Each structure stands twice: as structure tokens, then as C-alpha cells.
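Colleague: This is the content of target_18.cif (mmCIF, C-alpha atoms):
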data_work
#
loop_
_atom_site.label_atom_id
_atom_site.label_comp_id
_atom_site.auth_asym_id
_atom_site.auth_seq_id
_atom_site.Cartn_x
_atom_site.Cartn_y
_atom_site.Cartn_z
CA MET A 1 -6.28 22.75 7.16
CA ASP A 2 -4.42 21.36 4.13
CA LYS A 3 -3.10 17.82 3.65
CA LYS A 4 0.38 18.68 4.89
CA ASP A 5 -1.03 20.11 8.13
CA TYR A 6 -2.90 16.87 8.87
CA LEU A 7 0.30 14.87 8.37
CA THR A 8 2.41 17.28 10.39
CA ASN A 9 0.01 17.14 13.33
CA TYR A 10 -0.08 13.35 13.17
CA TYR A 11 3.68 12.76 12.99
CA GLU A 12 4.52 15.36 15.62
CA GLY A 13 2.55 13.26 18.08
CA TYR A 14 3.62 9.84 16.83
CA GLU A 15 6.80 7.90 17.55
CA GLU A 16 7.69 6.56 14.10
CA ASN A 17 10.99 5.07 15.20
CA GLY A 18 9.25 3.17 17.96
CA ARG A 19 6.84 1.54 15.54
CA LEU A 20 9.63 -0.20 13.64
CA ILE A 21 11.74 -1.23 16.62
CA SER A 22 8.98 -2.90 18.67
CA ARG A 23 8.96 -6.67 18.31
CA HIS A 24 5.83 -6.71 16.17
CA GLY A 25 6.99 -3.65 14.19
CA MET A 26 10.34 -5.26 13.46
CA ILE A 27 8.57 -7.83 11.26
CA GLU A 28 7.74 -5.15 8.69
CA TYR A 29 11.26 -3.73 8.90
CA LEU A 30 13.02 -7.12 8.62
CA THR A 31 10.82 -8.14 5.70
CA THR A 32 11.36 -4.91 3.78
CA MET A 33 15.12 -5.00 4.34
CA LYS A 34 15.28 -8.66 3.26
CA TYR A 35 13.77 -7.77 -0.11
CA VAL A 36 15.83 -4.59 -0.54
CA GLU A 37 19.02 -6.54 0.19
CA LYS A 38 17.99 -9.11 -2.42
CA TYR A 39 18.61 -6.47 -5.12
CA LEU A 40 21.49 -4.48 -3.61
CA GLN A 41 24.84 -4.49 -5.40
CA PRO A 42 28.00 -2.54 -4.55
CA GLY A 43 28.02 1.06 -5.73
CA MET A 44 24.26 1.38 -6.13
CA ARG A 45 22.58 4.73 -5.54
CA ILE A 46 19.38 4.70 -3.48
CA LEU A 47 16.56 7.23 -3.14
CA GLU A 48 14.04 7.02 -0.32
CA ILE A 49 10.89 9.08 -0.90
CA GLY A 50 8.93 9.82 2.26
CA ALA A 51 11.81 8.73 4.46
CA ALA A 52 10.15 9.80 7.74
CA THR A 53 12.81 9.68 10.48
CA GLY A 54 15.22 7.65 8.36
CA ARG A 55 15.00 4.08 9.68
CA TYR A 56 15.73 2.61 6.24
CA SER A 57 17.90 5.41 4.86
CA HIS A 58 20.30 5.28 7.79
CA ALA A 59 20.46 1.48 7.80
CA LEU A 60 21.40 1.46 4.11
CA ALA A 61 23.87 4.34 4.46
CA GLN A 62 25.54 2.46 7.31
CA LYS A 63 26.01 -0.46 4.93
CA GLY A 64 28.04 1.86 2.69
CA TYR A 65 25.46 2.92 0.12
CA CYS A 66 24.92 6.47 -1.10
CA VAL A 67 21.40 7.40 -0.07
CA ASP A 68 19.35 10.49 -0.88
CA ALA A 69 16.17 10.97 1.10
CA VAL A 70 13.09 13.14 0.65
CA GLU A 71 10.63 13.92 3.44
CA LEU A 72 7.67 16.30 3.62
CA VAL A 73 7.28 16.79 7.39
CA GLU A 74 9.82 19.09 9.06
CA HIS A 75 9.50 17.32 12.42
CA ASN A 76 10.59 14.05 10.79
CA ILE A 77 13.49 15.78 9.03
CA GLU A 78 14.81 17.10 12.35
CA ILE A 79 14.83 13.59 13.82
CA PHE A 80 16.35 12.21 10.60
CA LYS A 81 19.27 14.61 10.98
CA GLN A 82 19.68 13.77 14.67
CA ASN A 83 19.84 10.07 13.78
CA THR A 84 22.63 10.53 11.24
CA THR A 85 25.89 8.95 12.39
CA PRO A 86 29.45 9.80 11.29
CA GLY A 87 30.46 8.15 8.04
CA GLU A 88 27.00 7.91 6.52
CA THR A 89 26.74 9.10 2.91
CA VAL A 90 23.17 10.34 3.18
CA THR A 91 21.30 13.53 2.30
CA ILE A 92 17.84 14.70 3.35
CA THR A 93 15.73 17.17 1.34
CA GLN A 94 12.31 18.52 2.18
CA GLY A 95 10.01 17.69 -0.69
CA ASN A 96 6.79 16.16 -1.95
CA ALA A 97 6.55 12.70 -3.50
CA MET A 98 4.45 14.12 -6.33
CA ASP A 99 7.18 16.55 -7.42
CA LEU A 100 10.74 15.28 -7.46
CA SER A 101 11.95 17.89 -9.96
CA MET A 102 15.11 18.34 -7.88
CA PHE A 103 16.21 14.88 -9.12
CA GLU A 104 17.11 13.98 -12.70
CA ASP A 105 15.59 11.19 -14.77
CA ASP A 106 17.10 7.69 -14.63
CA THR A 107 19.36 8.39 -11.63
CA TYR A 108 18.79 5.72 -8.96
CA ASP A 109 19.30 1.97 -8.95
CA ILE A 110 16.78 1.45 -6.13
CA THR A 111 13.92 3.75 -5.21
CA LEU A 112 11.98 3.31 -1.98
CA LEU A 113 8.45 4.71 -1.82
CA LEU A 114 7.66 3.34 1.62
CA GLY A 115 5.32 5.99 3.02
CA PRO A 116 3.73 8.39 0.53
CA MET A 117 1.13 6.00 -0.87
CA TYR A 118 -0.30 5.76 2.66
CA HIS A 119 -1.28 9.43 2.53
CA LEU A 120 -2.47 10.13 -1.03
CA PHE A 121 -6.22 10.14 -1.57
CA THR A 122 -6.90 10.82 -5.25
CA THR A 123 -6.03 8.67 -8.24
CA GLU A 124 -4.25 11.63 -9.83
CA ASP A 125 -1.98 12.13 -6.80
CA LYS A 126 -1.20 8.41 -6.59
CA ARG A 127 -0.27 8.31 -10.28
CA LYS A 128 1.97 11.36 -9.86
CA ALA A 129 3.85 9.78 -6.97
CA LEU A 130 4.37 6.50 -8.80
CA SER A 131 5.33 8.32 -11.99
CA GLU A 132 7.94 10.41 -10.21
CA ALA A 133 9.40 7.39 -8.40
CA ILE A 134 9.69 5.53 -11.69
CA ARG A 135 11.05 8.57 -13.57
CA VAL A 136 14.05 9.01 -11.26
CA THR A 137 14.83 5.28 -11.30
CA LYS A 138 17.27 3.90 -13.88
CA LYS A 139 16.09 1.52 -16.57
CA ASN A 140 16.12 -1.98 -14.98
CA GLY A 141 16.19 -0.33 -11.55
CA ILE A 142 13.89 -1.54 -8.78
CA VAL A 143 11.06 0.37 -7.09
CA PHE A 144 9.59 -0.62 -3.72
CA ALA A 145 6.14 0.86 -3.05
CA ALA A 146 4.38 0.29 0.30
CA TYR A 147 0.63 0.36 0.93
CA CYS A 148 -1.81 0.08 3.85
CA MET A 149 -4.46 -2.59 3.33
CA GLY A 150 -8.17 -2.09 3.95
CA ASP A 151 -9.34 -5.51 5.04
CA ALA A 152 -6.71 -5.80 7.77
CA SER A 153 -7.95 -2.51 9.22
CA ILE A 154 -11.60 -3.54 8.95
CA LEU A 155 -10.84 -6.68 10.93
CA SER A 156 -8.53 -5.24 13.60
CA TYR A 157 -9.99 -1.75 14.06
CA GLY A 158 -13.53 -2.38 12.93
CA PHE A 159 -14.43 -5.73 14.43
CA VAL A 160 -11.80 -6.51 17.08
CA ARG A 161 -11.87 -3.01 18.58
CA GLY A 162 -15.61 -2.61 18.02
CA GLU A 163 -15.46 0.48 15.78
CA ILE A 164 -17.21 -1.04 12.77
CA TYR A 165 -20.51 0.86 13.19
CA HIS A 166 -18.65 4.09 13.80
CA ILE A 167 -16.66 3.86 10.57
CA ILE A 168 -19.81 2.96 8.63
CA GLU A 169 -21.56 6.03 10.08
CA LYS A 170 -18.58 8.18 9.04
CA CYS A 171 -19.02 6.88 5.46
CA MET A 172 -15.56 5.31 5.55
CA LEU A 173 -16.90 1.87 4.71
CA ASN A 174 -19.49 0.42 2.33
CA PRO A 175 -21.40 -2.13 4.47
CA GLU A 176 -22.30 -4.19 1.40
CA THR A 177 -18.95 -4.51 -0.41
CA PHE A 178 -16.71 -3.46 2.53
CA ASP A 179 -14.77 -1.11 0.27
CA THR A 180 -13.06 1.61 2.30
CA PHE A 181 -13.03 5.38 1.76
CA SER A 182 -10.56 7.85 3.28
CA ASN A 183 -10.04 11.62 3.37
CA PRO A 184 -6.88 13.58 4.25
CA TRP A 185 -8.08 14.07 7.84
CA ASP A 186 -8.27 10.27 8.19
CA ILE A 187 -4.48 10.26 7.56
CA PHE A 188 -4.31 6.82 5.93
CA GLU A 189 -5.56 5.67 2.54
CA LEU A 190 -6.47 1.96 2.43
CA TYR A 191 -6.15 -0.40 -0.52
CA ARG A 192 -7.01 -3.82 -1.83
CA LYS A 193 -4.57 -5.69 -4.04
CA GLU A 194 -6.63 -5.03 -7.17
CA ASP A 195 -6.31 -1.27 -6.55
CA ILE A 196 -2.52 -1.56 -6.40
CA ASP A 197 -2.39 -3.78 -9.49
CA LYS A 198 -4.44 -1.23 -11.44
CA LEU A 199 -2.16 1.65 -10.46
CA ARG A 200 0.99 -0.25 -11.42
CA SER A 201 -0.47 -1.47 -14.74
CA GLU A 202 -0.37 2.06 -16.17
CA PHE A 203 3.44 2.13 -16.19
CA PRO A 204 6.17 0.25 -18.12
CA VAL A 205 7.22 -1.94 -15.22
CA THR A 206 7.33 -5.64 -14.38
CA GLN A 207 6.18 -6.82 -10.98
CA LEU A 208 8.75 -8.95 -9.18
CA HIS A 209 7.09 -9.55 -5.81
CA PHE A 210 3.96 -8.64 -3.90
CA VAL A 211 4.74 -9.05 -0.21
CA ALA A 212 2.69 -9.08 2.99
CA SER A 213 5.17 -6.92 4.92
CA ASP A 214 3.82 -7.79 8.35
CA GLY A 215 1.44 -10.62 7.47
CA TYR A 216 -0.84 -11.52 10.37
CA THR A 217 1.49 -9.89 12.91
CA ASN A 218 -0.57 -6.84 13.83
CA HIS A 219 -3.61 -8.99 14.55
CA MET A 220 -1.58 -10.80 17.22
CA ARG A 221 0.84 -8.08 18.26
CA GLU A 222 0.60 -8.78 21.99
CA THR A 223 1.39 -12.44 21.38
CA VAL A 224 4.36 -11.53 19.18
CA ASN A 225 5.65 -8.95 21.67
CA HIS A 226 5.68 -11.54 24.45
CA MET A 227 7.34 -14.38 22.54
CA ASP A 228 10.66 -15.61 23.89
CA ASP A 229 13.64 -15.36 21.55
CA ARG A 230 13.35 -18.92 20.30
CA MET A 231 9.68 -18.63 19.37
CA TYR A 232 10.14 -15.15 17.88
CA GLU A 233 12.92 -16.46 15.63
CA LEU A 234 10.61 -19.27 14.50
CA TYR A 235 7.77 -16.80 13.90
CA VAL A 236 10.01 -14.59 11.73
CA LYS A 237 11.01 -17.70 9.76
CA TYR A 238 7.34 -18.65 9.30
CA HIS A 239 6.41 -15.13 8.21
CA LEU A 240 9.20 -14.89 5.63
CA ALA A 241 8.25 -18.30 4.27
CA THR A 242 4.62 -17.27 3.73
CA CYS A 243 4.69 -13.51 3.04
CA GLU A 244 4.28 -13.87 -0.75
CA ARG A 245 1.44 -16.38 -0.61
CA PRO A 246 -1.57 -14.83 -2.44
CA ASP A 247 -3.98 -16.24 0.16
CA MET A 248 -2.14 -14.36 2.94
CA VAL A 249 -1.53 -10.84 1.63
CA GLY A 250 -5.00 -9.40 2.27
CA TYR A 251 -4.66 -9.97 6.02
CA SER A 252 -1.48 -7.90 6.22
CA HIS A 253 -1.73 -4.31 7.44
CA HIS A 254 1.15 -3.31 5.13
CA THR A 255 2.14 -4.65 1.75
CA LEU A 256 5.13 -4.08 -0.49
CA ASP A 257 4.81 -3.93 -4.27
CA ILE A 258 8.23 -4.52 -5.86
CA PHE A 259 8.72 -3.93 -9.57
CA ARG A 260 11.40 -3.31 -12.19
CA LYS A 261 11.44 -0.31 -14.54
CA GLU A 262 11.52 -1.53 -18.13
CA SER A 263 12.01 1.62 -20.19
CA SER A 264 13.31 5.17 -19.98
CA TYR A 265 11.11 7.99 -18.77
CA GLU A 266 10.65 9.55 -22.19
CA SER A 267 8.64 6.52 -23.35
CA PHE A 268 5.81 7.06 -20.87
CA ASN A 269 5.88 10.76 -20.01
#
Once more with this new file: its structure as C-alpha cells, please.
Modeller:
Amino acid sequence: MDKKDYLTNYYEGYEENGRLISRHGMIEYLTTMKYVEKYLQPGMRILEIGAATGRYSHALAQKGYCVDAVELVEHNIEIFKQNTTPGETVTITQGNAMDLSMFEDDTYDITLLLGPMYHLFTTEDKRKALSEAIRVTKKNGIVFAAYCMGDASILSYGFVRGEIYHIIEKCMLNPETFDTFSNPWDIFELYRKEDIDKLRSEFPVTQLHFVASDGYTNHMRETVNHMDDRMYELYVKYHLATCERPDMVGYSHHTLDIFRKESSYESFN
């Protein structure tokens, strides 16, 4: 079974839309949109790489932006098309984040790479995906790259759910350093901030924000899901006030690395 087959099997049995519309899942969505909207200006062109079922692409198209989307998994593309509403200026193309040759250099004002880095397992593949996202972005354009964090998973899946010995036995975790190791059949690649910083440092970009997209939310998802509206509003306010604090980001299940492209593609290809 190749890497695409593992992803296809996973997403055919997973409700991606539901993840981002649950109360706890909405924290990641609200946070990401808050930072995207910080850089939006009228007339901007947006590319979403690994768009899944289109939660972000459709939301931005409904705000009047021209959005092109790329997605690998056919099942997700079918749902993406079903979710398209009249008036949206949005396209969807089947493709791989590591090869965006269908798009020209320096084309997009904002590029969203909100899923592919979850599912790439070699340094070479990760570099290719980042390189392609940066290549198609205009000089001074903004790239948003999302990651899954290792320590949050060790705590919630390993210790809280009691799977820690199992993942050590599967050689997915070093019991001395607590570094994590993933393979394509594990579906998700896990990171620490220093891994993300190292990847980004190889490109001519300037980091603008490093954001804990869901912060501590997934560790207390049942509590968040049962909050009344008043408390939930206060929790969202708390999260947004603390999501860039360096002492908080490692506890987040998802993080968002936001950076600006500083030079044209020719200078680093």
C-alpha cells in the first residue's frame, strides 16, 4: 500500500467537516481564520494546498476572494464540490503538495498549507512541499503552514488514554528523549517547534507568527464542548490572547507557522 492509499482509507472513514465544526474543533478554525483575515486585502488571490473538503477555501470564497484549491484524496474532492455554493469563485484540482507544476511562480498573495505537513514523513518530502508553497507565492506574500505537535499527542493519547507503552513498543517514541517517530501507515507526522524552525530556516522567508491553533483545547475537549455560550465566548477570548505565548505552544495539538516570502523563486531554486 502506498502513502496515498493510507490517506485515502483514513479520510474515507473520517468526517473532516465535523472536526472543525464541533465546539472544540471550532477553536482551531476560528484561530486560523483570525490570522488569515489579518493579512487579507481586497483582490487577493489565495491558494489552499491540501484543502480536504474545503472548510477554509469555501469560507474565503464566500467572502469574495478568488481561491484555487489542491487536494490529493478523491473522496475529499467530491465533498469539496458538493459544498460549493453559487457565487463562489473557487476551483479544485487533484494534486500533490510536493508538485504544484500546474501553478506558475509568484502567483498567490496568500498560500495555505494547512494539511500536507501532517502527512509527510521524510525531510526531503517536507522540503519539497514547503518549497512549492513558497514558489507559487508572490514576493511579500504570506504562507500559512500547519503542523501536528508531538508532545500534545504523547500527553493525550499516550498518558491520558493509557497507550504510552504501546507506542513505545511500536518504536514510535524514544522513552528517554520522548522524540516521536511516524511512518505513512501511522497517518500523522508529529513535530516539535525546533523541527519546524529548522525546516523554515532553509528558505528566504521571515516568520511573522507561531500560533498554538487549538492551545490546550483538545486536552479538555469534553469541558469545552459542554460550556454554555457565555463561558465558551470567554474561553475563545482567553485562547486568542495566549495562543502565541512560547510557553503554551508545545501543549497544542496543532500549530500554525506564518511567514512572509522575501525573494523571488529564482533566488532559492
Colleague: Excluding same-chain residues fewer than 2 positions from stretch 131-148 of chain A, what lies within 8 Å of it counting all atoms listed in the file, as a VMD selection string?
Modeller: chain A and resid 39 49 97 to 100 103 to 115 117 to 118 127 to 129 150 188 to 191 203 253 to 265
Colleague: List every residue of stretch 119-180 of chain A that has an atom at most 9 Å from any atom of stretch 213-231 of chain A, giving for each one its closest atom pair and the distance in Å to one decimal, counting all atoms listed in the file, sorted by chain and then by ascending residue number, as a Markdown table.
Modeller:
| residue | atom | partner | partner_atom | distance |
| --- | --- | --- | --- | --- |
| A:Ala146 | CA | A:Ser213 | CA | 8.6 |
| A:Ala152 | CA | A:His219 | CA | 8.1 |
| A:Leu155 | CA | A:His219 | CA | 8.4 |
| A:Ser156 | CA | A:His219 | CA | 6.3 |
| A:Val160 | CA | A:His219 | CA | 8.9 |
Colleague: One number please: atom CA of A:Asp125 to atom CA of A:Lys198, in Å, one decimal.
Modeller: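 Atom CA of A:Lys198 lies at a distance of 14.4 Å from atom CA of A:Asp125.
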Colleague: In Å, with one decimal, what is the gap from atom CA of A:His239 to atom CA of A:Met149?
Modeller: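 Value for the atom CA of A:His239-atom CA of A:Met149 distance: 17.3 Å.
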Colleague: Measure the distance from atom CA of A:Lys34 to atom CA of A:Leu130 in Å and round it to one decimal.
Modeller: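 Answer for the atom CA of A:Lys34 to atom CA of A:Leu130 separation: 22.2 Å.
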